[in-house]
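Text of the file model37.txt, holding compact mmCIF, C-alpha atoms and all ligand atoms:
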# COMPACT_ATOMS: atom_id res chain seq x y z
CA MET A 773 13.46 -12.63 2.93
CA ARG A 774 11.11 -11.71 0.10
CA ILE A 775 7.71 -13.38 0.40
CA CYS A 776 4.99 -13.59 -2.23
CA ARG A 777 1.46 -15.00 -2.34
CA TYR A 778 0.33 -16.63 -5.55
CA VAL A 779 -2.05 -18.95 -7.34
CA THR A 780 -0.51 -22.19 -8.61
CA LYS A 781 -1.20 -23.62 -12.06
CA ALA A 782 -3.49 -26.09 -10.22
CA GLY A 783 -5.44 -23.21 -8.64
CA ARG A 784 -4.07 -23.35 -5.07
CA VAL A 785 -3.27 -20.17 -3.12
CA ARG A 786 0.13 -20.41 -1.41
CA MET A 787 3.05 -18.38 -0.08
CA GLY A 788 6.57 -18.67 -1.47
CA LEU A 789 9.98 -17.08 -1.80
CA TYR A 790 9.77 -14.19 -4.24
CA GLN A 791 13.09 -14.89 -5.97
CA PRO A 792 11.94 -17.54 -8.40
CA VAL A 793 14.24 -20.57 -8.56
CA GLU A 794 13.68 -20.30 -12.30
CA PRO A 795 11.24 -18.05 -14.16
CA GLY A 796 7.67 -18.86 -13.09
CA ARG A 797 8.71 -21.30 -10.32
CA VAL A 798 9.03 -20.46 -6.61
CA GLN A 799 10.01 -22.30 -3.45
CA VAL A 800 6.98 -23.00 -1.27
CA ILE A 801 6.71 -21.53 2.25
CA ALA A 802 4.82 -23.80 4.67
CA GLY A 803 3.10 -22.63 7.85
CA ASP A 804 1.91 -19.25 9.10
CA ILE A 805 4.32 -16.42 8.28
CA PHE A 806 3.35 -14.67 11.54
CA SER A 807 4.04 -17.59 13.86
CA ASP A 808 5.91 -20.62 12.54
CA PHE A 809 6.93 -21.11 8.95
CA ARG A 810 9.71 -22.65 6.92
CA VAL A 811 10.94 -22.54 3.36
CA THR A 812 10.49 -26.03 1.92
CA GLU A 813 12.32 -27.81 -0.90
CA GLU A 814 9.02 -28.01 -2.81
CA CYS A 815 8.59 -25.77 -5.86
CA ASP A 816 5.40 -24.46 -7.48
CA GLU A 817 4.70 -23.13 -10.92
CA ILE A 818 3.02 -19.75 -10.54
CA ASP A 819 -0.12 -18.90 -12.48
CA ARG A 820 -0.26 -15.35 -11.09
CA LEU A 821 0.84 -13.28 -8.11
CA LEU A 822 -1.70 -12.10 -5.54
CA ALA A 823 -1.39 -9.27 -3.02
CA PRO A 824 1.28 -10.62 -0.63
CA ILE A 825 -1.06 -10.26 2.34
CA LYS A 826 -4.80 -10.44 2.95
CA PRO A 827 -5.01 -7.87 5.73
CA PRO A 828 -7.70 -8.01 8.44
CA THR A 829 -7.42 -4.22 8.77
CA ILE A 830 -5.91 -1.43 6.69
CA PHE A 831 -4.96 1.79 8.44
CA ALA A 832 -3.68 4.75 6.44
CA LEU A 833 -2.18 8.15 7.16
CA GLY A 834 -3.07 11.45 5.52
CA PHE A 835 -0.64 14.35 5.09
CA ASN A 836 2.47 12.48 6.26
CA TYR A 837 4.88 14.18 3.85
CA GLY A 838 5.38 17.94 4.33
CA LYS A 839 5.37 18.84 0.63
CA HIS A 840 2.17 16.81 0.07
CA ALA A 841 0.46 18.59 2.97
CA GLU A 842 1.59 21.87 1.34
CA GLU A 843 0.29 20.99 -2.15
CA THR A 844 -3.15 20.20 -0.70
CA GLY A 845 -3.25 23.38 1.40
CA ALA A 846 -3.60 21.33 4.61
CA ARG A 847 -2.07 22.39 7.92
CA MET A 848 1.00 20.43 9.03
CA PRO A 849 -0.31 17.65 11.26
CA THR A 850 0.82 17.55 14.89
CA VAL A 851 -0.37 13.95 15.36
CA PRO A 852 -0.76 11.26 12.66
CA VAL A 853 -3.99 11.83 10.66
CA LEU A 854 -5.62 8.42 10.51
CA PHE A 855 -8.27 6.83 8.29
CA MET A 856 -9.06 3.28 7.13
CA LYS A 857 -9.50 1.46 3.85
CA ALA A 858 -11.80 -1.54 3.49
CA PRO A 859 -9.87 -4.87 3.24
CA THR A 860 -12.10 -5.64 0.22
CA SER A 861 -10.25 -2.90 -1.70
CA VAL A 862 -7.04 -4.98 -1.91
CA ILE A 863 -5.79 -6.25 -5.27
CA GLY A 864 -2.46 -7.74 -6.32
CA PRO A 865 0.22 -6.89 -8.85
CA GLY A 866 -1.12 -6.93 -12.40
CA GLU A 867 -4.77 -6.76 -11.34
CA LYS A 868 -6.86 -3.93 -12.72
CA ILE A 869 -7.81 -0.78 -10.84
CA LEU A 870 -11.46 -0.21 -11.79
CA LEU A 871 -12.84 3.31 -12.09
CA PRO A 872 -16.09 2.83 -10.15
CA LEU A 873 -19.51 3.28 -11.71
CA ALA A 874 -20.33 5.45 -8.66
CA GLY A 875 -17.51 7.93 -9.36
CA PRO A 876 -15.24 7.28 -12.35
CA GLU A 877 -14.14 10.86 -13.14
CA ARG A 878 -11.73 11.93 -10.38
CA VAL A 879 -9.83 8.79 -9.40
CA ASP A 880 -6.26 9.55 -8.31
CA TYR A 881 -3.08 7.60 -7.45
CA GLU A 882 -1.01 7.79 -4.22
CA GLY A 883 2.22 5.76 -4.13
CA GLU A 884 3.00 4.70 -0.55
CA LEU A 885 5.20 2.48 1.59
CA ALA A 886 3.04 -0.11 3.39
CA VAL A 887 4.01 -1.57 6.78
CA ILE A 888 2.86 -5.10 7.69
CA ILE A 889 2.48 -5.73 11.41
CA GLY A 890 3.90 -9.10 12.55
CA LYS A 891 3.09 -9.29 16.25
CA ARG A 892 0.08 -8.39 18.39
CA GLY A 893 0.67 -5.23 20.41
CA LYS A 894 -0.93 -2.41 22.40
CA ASN A 895 0.72 0.72 23.81
CA ILE A 896 3.97 -0.11 22.01
CA SER A 897 6.86 2.23 22.79
CA ARG A 898 8.55 4.05 19.91
CA GLU A 899 11.82 2.31 20.89
CA ASN A 900 10.30 -1.17 20.52
CA ALA A 901 8.01 -0.40 17.57
CA LEU A 902 10.13 -2.02 14.84
CA ASP A 903 9.97 -5.35 16.76
CA TYR A 904 6.27 -5.40 15.82
CA VAL A 905 6.88 -4.81 12.10
CA PHE A 906 7.02 -7.95 9.95
CA GLY A 907 7.98 -6.22 6.73
CA TYR A 908 7.20 -3.77 3.98
CA THR A 909 5.58 -3.69 0.57
CA CYS A 910 4.51 -1.14 -2.06
CA ALA A 911 0.97 0.27 -2.02
CA ASN A 912 -1.23 2.54 -4.07
CA ASP A 913 -3.80 4.44 -1.99
CA VAL A 914 -6.18 4.92 -4.93
CA SER A 915 -8.69 7.65 -4.12
CA ALA A 916 -11.96 8.86 -5.70
CA ARG A 917 -11.46 12.56 -4.95
CA ASP A 918 -15.10 13.46 -5.53
CA TRP A 919 -16.27 11.05 -2.80
CA GLN A 920 -13.29 11.88 -0.58
CA MET A 921 -13.68 15.65 -0.65
CA ASP A 922 -16.84 17.03 -2.24
CA LYS A 923 -19.18 18.48 0.35
CA GLU A 924 -22.27 17.45 -1.63
CA ARG A 925 -21.26 13.81 -1.07
CA GLY A 926 -21.09 14.29 2.70
CA GLN A 927 -20.76 17.15 5.20
CA LYS A 928 -17.00 17.41 4.62
CA GLY A 929 -16.48 14.61 2.13
CA GLN A 930 -16.04 10.96 2.99
CA TRP A 931 -12.48 9.69 3.18
CA VAL A 932 -13.28 6.06 3.98
CA ARG A 933 -15.78 5.68 1.16
CA GLY A 934 -13.64 7.58 -1.35
CA LYS A 935 -10.63 5.35 -0.62
CA SER A 936 -12.40 2.00 -0.16
CA PHE A 937 -13.90 1.24 -3.56
CA ASP A 938 -13.12 -2.29 -4.76
CA THR A 939 -9.60 -2.44 -6.34
CA PHE A 940 -8.46 0.80 -4.60
CA CYS A 941 -5.64 -0.82 -2.58
CA PRO A 942 -3.06 -2.50 -4.85
CA LEU A 943 -0.33 -4.16 -2.71
CA GLY A 944 2.86 -5.95 -3.76
CA PRO A 945 4.77 -7.37 -5.46
CA CYS A 946 6.19 -9.03 -2.31
CA ILE A 947 6.78 -8.51 1.39
CA VAL A 948 10.37 -7.66 2.21
CA THR A 949 10.97 -8.66 5.83
CA VAL A 950 12.16 -6.03 8.27
CA ASP A 951 15.61 -7.63 8.76
CA GLU A 952 16.46 -6.72 5.14
CA ILE A 953 15.68 -3.04 5.75
CA PRO A 954 16.92 -2.43 9.30
CA GLY A 955 16.21 0.80 11.16
CA VAL A 956 13.94 3.57 9.96
CA PRO A 957 13.50 3.04 6.19
CA ASP A 958 15.27 5.60 4.02
CA LEU A 959 14.14 4.47 0.58
CA LYS A 960 13.50 6.21 -2.72
CA ILE A 961 9.80 6.06 -3.64
CA ARG A 962 8.56 6.87 -7.13
CA THR A 963 5.23 6.67 -8.91
CA TRP A 964 5.00 6.42 -12.69
CA LEU A 965 1.89 7.11 -14.76
CA ASN A 966 2.32 5.78 -18.30
CA ASN A 967 6.12 5.96 -17.94
CA GLN A 968 6.10 9.55 -16.68
CA ILE A 969 7.38 10.08 -13.12
CA VAL A 970 4.62 11.81 -11.16
CA GLN A 971 5.92 11.31 -7.60
CA SER A 972 9.54 11.10 -6.47
CA ALA A 973 10.64 11.34 -2.84
CA SER A 974 12.31 9.47 -0.01
CA THR A 975 10.56 7.72 2.87
CA ARG A 976 12.86 9.64 5.21
CA ASP A 977 10.75 12.72 4.35
CA MET A 978 7.80 11.36 6.37
CA ILE A 979 6.62 13.76 9.08
CA PHE A 980 5.91 10.79 11.41
CA ASP A 981 8.38 7.96 10.89
CA ILE A 982 7.40 4.29 11.08
CA PRO A 983 8.31 3.74 14.76
CA THR A 984 6.23 6.80 15.68
CA ILE A 985 3.28 5.66 13.53
CA VAL A 986 3.23 2.14 15.02
CA SER A 987 3.58 3.46 18.55
CA GLU A 988 0.92 6.16 18.10
CA LEU A 989 -1.67 3.84 16.51
CA SER A 990 -1.13 1.25 19.24
CA ARG A 991 -2.12 3.84 21.84
CA SER A 992 -5.65 3.60 20.39
CA MET A 993 -6.15 0.07 19.15
CA THR A 994 -4.53 -3.35 19.43
CA LEU A 995 -2.46 -4.00 16.32
CA GLU A 996 -2.93 -7.55 15.05
CA PRO A 997 -0.55 -9.60 12.84
CA GLY A 998 -1.29 -8.96 9.18
CA THR A 999 -2.55 -5.42 9.75
CA VAL A 1000 -1.37 -3.14 6.97
CA ILE A 1001 -0.54 0.53 7.56
CA LEU A 1002 -0.18 2.83 4.55
CA THR A 1003 2.28 5.50 5.62
CA GLY A 1004 1.13 8.44 3.48
CA THR A 1005 1.95 9.71 0.02
CA PRO A 1006 4.59 12.20 -1.13
CA GLU A 1007 3.85 15.28 -3.24
CA GLY A 1008 2.76 14.99 -6.88
CA VAL A 1009 -0.77 13.57 -6.60
CA GLY A 1010 -3.06 14.21 -9.58
CA TYR A 1011 -5.81 16.41 -8.17
CA THR A 1012 -3.51 19.24 -7.03
CA ARG A 1013 -1.94 19.61 -10.49
CA VAL A 1014 -2.87 22.29 -13.01
CA PRO A 1015 -4.58 20.90 -14.99
CA PRO A 1016 -5.59 18.00 -12.73
CA LEU A 1017 -4.41 14.51 -13.69
CA PHE A 1018 -6.79 11.60 -13.06
CA LEU A 1019 -6.65 7.91 -13.94
CA ARG A 1020 -8.24 6.91 -17.25
CA PRO A 1021 -9.02 3.52 -18.79
CA GLY A 1022 -5.88 2.04 -20.35
CA ASP A 1023 -3.46 3.87 -18.03
CA GLU A 1024 -0.58 2.02 -16.41
CA ILE A 1025 0.39 3.07 -12.89
CA LYS A 1026 3.60 1.89 -11.19
CA VAL A 1027 4.77 2.38 -7.61
CA GLU A 1028 8.48 1.67 -7.20
CA ILE A 1029 10.22 1.55 -3.83
CA GLU A 1030 13.94 0.97 -3.58
CA GLN A 1031 14.88 -2.45 -2.10
CA ILE A 1032 11.23 -3.59 -2.33
CA GLY A 1033 10.21 -3.66 -5.97
CA VAL A 1034 7.70 -2.35 -8.48
CA LEU A 1035 3.92 -2.64 -8.18
CA ILE A 1036 2.23 -2.34 -11.58
CA ASN A 1037 -1.50 -2.05 -12.24
CA ASN A 1038 -3.55 -1.05 -15.26
CA VAL A 1039 -6.76 0.95 -15.16
CA ASP A 1040 -10.14 0.00 -16.56
CA LEU A 1041 -13.80 0.93 -16.10
CA GLU A 1042 -16.02 -0.99 -13.70
CA ARG A 1043 -18.73 -2.73 -15.71
CA SER A 1044 -22.31 -2.92 -14.50
MG MG B 1 -2.72 8.13 1.03

Using the file provided, produce a representation of the structure as structure tokens.
Amino acid sequence: MRICRYVTKAGRVRMGLYQPVEPGRVQVIAGDIFSDFRVTEECDEIDRLLAPIKPPTIFALGFNYGKHAEETGARMPTVPVLFMKAPTSVIGPGEKILLPLAGPERVDYEGELAVIIGKRGKNISRENALDYVFGYTCANDVSARDWQMDKERGQKGQWVRGKSFDTFCPLGPCIVTVDEIPGVPDLKIRTWLNNQIVQSASTRDMIFDIPTIVSELSRSMTLEPGTVILTGTPEGVGYTRVPPLFLRPGDEIKVEIEQIGVLINNVDLERS
């Protein structure tokens, strides 16, 4: 099942089936997608798509693809390297990524597969981990590299601040439920900047696969339904390039994951 969240022409926020019954119209989903829901016969006209989930928590992994760890000069991780993004950073498909007033110069893209947790769990075994996954969507772990890494902005840089600016977590276009992508996902993932491919890899290249990530995180904290986990970015990010490549006003950035879809956002400047 492919699930979207949207605003109706009348201004209501609802969930629906992503395959429109006809262009601009979707079948309404009633109930809570994490407990009891059903696809109704009712149809809505969509005004615009929203991020398919409003997560209570966003976890994210650093250095989870070997070639990305290499391009940054980082050591290969022996356990998942974890950080968080503020839930206020989430935007939907078609919404603008804003280069923040507090650091507009070195904002970078990171195309990623996002996992949506469907069931509360703690100390989940690797074998049972996929039972706790509701589905997947595309994500862009937008990062202000100056805040993330410059020592003058913190003792060793500040990952959470650099990755939590408003608009820095585009998600979408829809959630594809786990039954449609059984097993450990082996999906092509590509990022396009203004129609040029800047990242191209497969999710099978992750150092820690999704069952391992879910199991490992649940050894620390209870995972709640709706929690989003960004699973790391492949090689090809902007700041490691020569010359570096950063987002500029007017750019279009696309994250495409096979069997899930394409997440498109344009870039603009934050206004005071
Ligand atoms: Mg990332």

- Message: What's around range 967-971 of chain A at 8 Å? Count all atoms listed in the file, leave out sequence neighbours fewer than 4 positions away in its own chain, and write the answer as a list in words.
- Response: Gly883, Ile961, Arg962, Thr963, Pro1006, Glu1007, Gly1008, Val1009 and Glu1024 of chain A

- Message: So, with only C-alpha atoms as the atoms that count, which of A:Thr829, A:Tyr881, A:Ile1001, A:Asp981 lies closest to Val851 in chain A?
- Response: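 So, comparing all the options, the nearest one is A:Asp981.
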
With the cut-off set at 7 Å and counting all atoms listed in the file, tabulate each residue of chain A with an atom at most that distance from an atom of ligand MG 1 (chain B), showing the nearest atom pair and its distance in Å to one decimal, ordered by chain and increasing number, as CSV.
residue,atom,partner,partner_atom,distance
A:Ala832,CA,B:MG1,MG,6.5
A:Leu833,CA,B:MG1,MG,6.2
A:Gly834,CA,B:MG1,MG,5.6
A:Glu882,CA,B:MG1,MG,5.5
A:Glu884,CA,B:MG1,MG,6.9
A:Asp913,CA,B:MG1,MG,4.9
A:Leu1002,CA,B:MG1,MG,6.9
A:Gly1004,CA,B:MG1,MG,4.6
A:Thr1005,CA,B:MG1,MG,5.0

Contact table range 816-920 of chain A vs range 1034-1041 of chain A, cut-off 7 Å, shortest pair per residue, all atoms listed in the file, as a tab-separated table:
residue	atom	partner	partner_atom	distance
A:Pro865	CA	A:Ile1036	CA	5.7
A:Gly866	CA	A:Asn1037	CA	4.9
A:Glu867	CA	A:Asn1037	CA	5.8
A:Lys868	CA	A:Asn1038	CA	5.1
A:Ile869	CA	A:Val1039	CA	4.8
A:Leu870	CA	A:Asp1040	CA	5.0
A:Leu871	CA	A:Leu1041	CA	4.8
A:Pro872	CA	A:Leu1041	CA	6.7
A:Cys910	CA	A:Leu1035	CA	6.3

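Nearest residue to Ile889 in chain A, choosing from A:Ile947, A:Ile863, A:Val905, A:Cys776 and counting all atoms listed in the file: A:Val905.
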
- Query: Could you tell me, as number ranges by chain, which residues have any atom at most 10 Å from (-8.1, -2.4, 3.5), counting only C-alpha atoms?
  - Reply: A: 826-832, 856-863, 913, 932, 935-942, 999-1002

- Quick one, how far is CA of Phe980 in chain A from CA of Pro1016 in chain A?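 Pair CA of Phe980 in chain A / CA of Pro1016 in chain A returns 27.7 Å.
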
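Of the listed residues (A:Val785, A:Ile1029, A:Ala846, A:Leu1019), A:Val785 comes nearest to Ile825 in chain A; the distances count all atoms listed in the file.
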
- Message: as a list in words, please: the residues near Ala782 in chain A (cut-off 10 Å, only C-alpha atoms, same-chain neighbours under 2 positions excluded).
- Response: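 Residues meeting the cut-off are Val779, Thr780, Arg784, Val785, Asp816, Glu817, Ile818 and Asp819 of chain A.
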
- Query: Near range 803-813 of chain A, counting only C-alpha atoms, which residues have an atom at most 10 Å away, once you skip same-chain residues fewer than 5 positions from it, shown as a list in words?
  - Reply: Ile775, Arg786, Met787, Gly788, Leu789, Val798, Ile889, Gly890, Lys891, Arg892, Phe906, Pro997 and Gly998 of chain A

Output C-alpha atoms of each residue in that selection to a file, as a short mmCIF file (atom, residue, chain, number, x, y, z; two decimals), in the coordinates of the input.
data_model
loop_
_atom_site.label_atom_id
_atom_site.label_comp_id
_atom_site.auth_asym_id
_atom_site.auth_seq_id
_atom_site.Cartn_x
_atom_site.Cartn_y
_atom_site.Cartn_z
CA ILE A 775 7.71 -13.38 0.40
CA ARG A 786 0.13 -20.41 -1.41
CA MET A 787 3.05 -18.38 -0.08
CA GLY A 788 6.57 -18.67 -1.47
CA LEU A 789 9.98 -17.08 -1.80
CA VAL A 798 9.03 -20.46 -6.61
CA ILE A 889 2.48 -5.73 11.41
CA GLY A 890 3.90 -9.10 12.55
CA LYS A 891 3.09 -9.29 16.25
CA ARG A 892 0.08 -8.39 18.39
CA PHE A 906 7.02 -7.95 9.95
CA PRO A 997 -0.55 -9.60 12.84
CA GLY A 998 -1.29 -8.96 9.18
#

- Note on the structure: Counting all atoms listed in the file, the residue among A:Leu989, A:Val879, A:Ala886, A:Cys946 that lies closest to Gln920 in chain A is A:Val879

- Counting only C-alpha atoms, figure out which residue out of A:Arg917, A:Asp903, A:Arg991, A:Arg797 gets nearest to Leu1017 in chain A. A:Arg917

- Residue nearest Asp918 in chain A - candidates A:Thr1003, A:Phe1018, A:Asn895, A:Leu821, atoms counted: only C-alpha atoms: A:Phe1018

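Take CA of Gly955 in chain A and CA of Glu988 in chain A: the distance between them is 17.6 Å.
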
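For the pair CA of Val948 in chain A and CA of Gly1010 in chain A, the separation is 28.2 Å.
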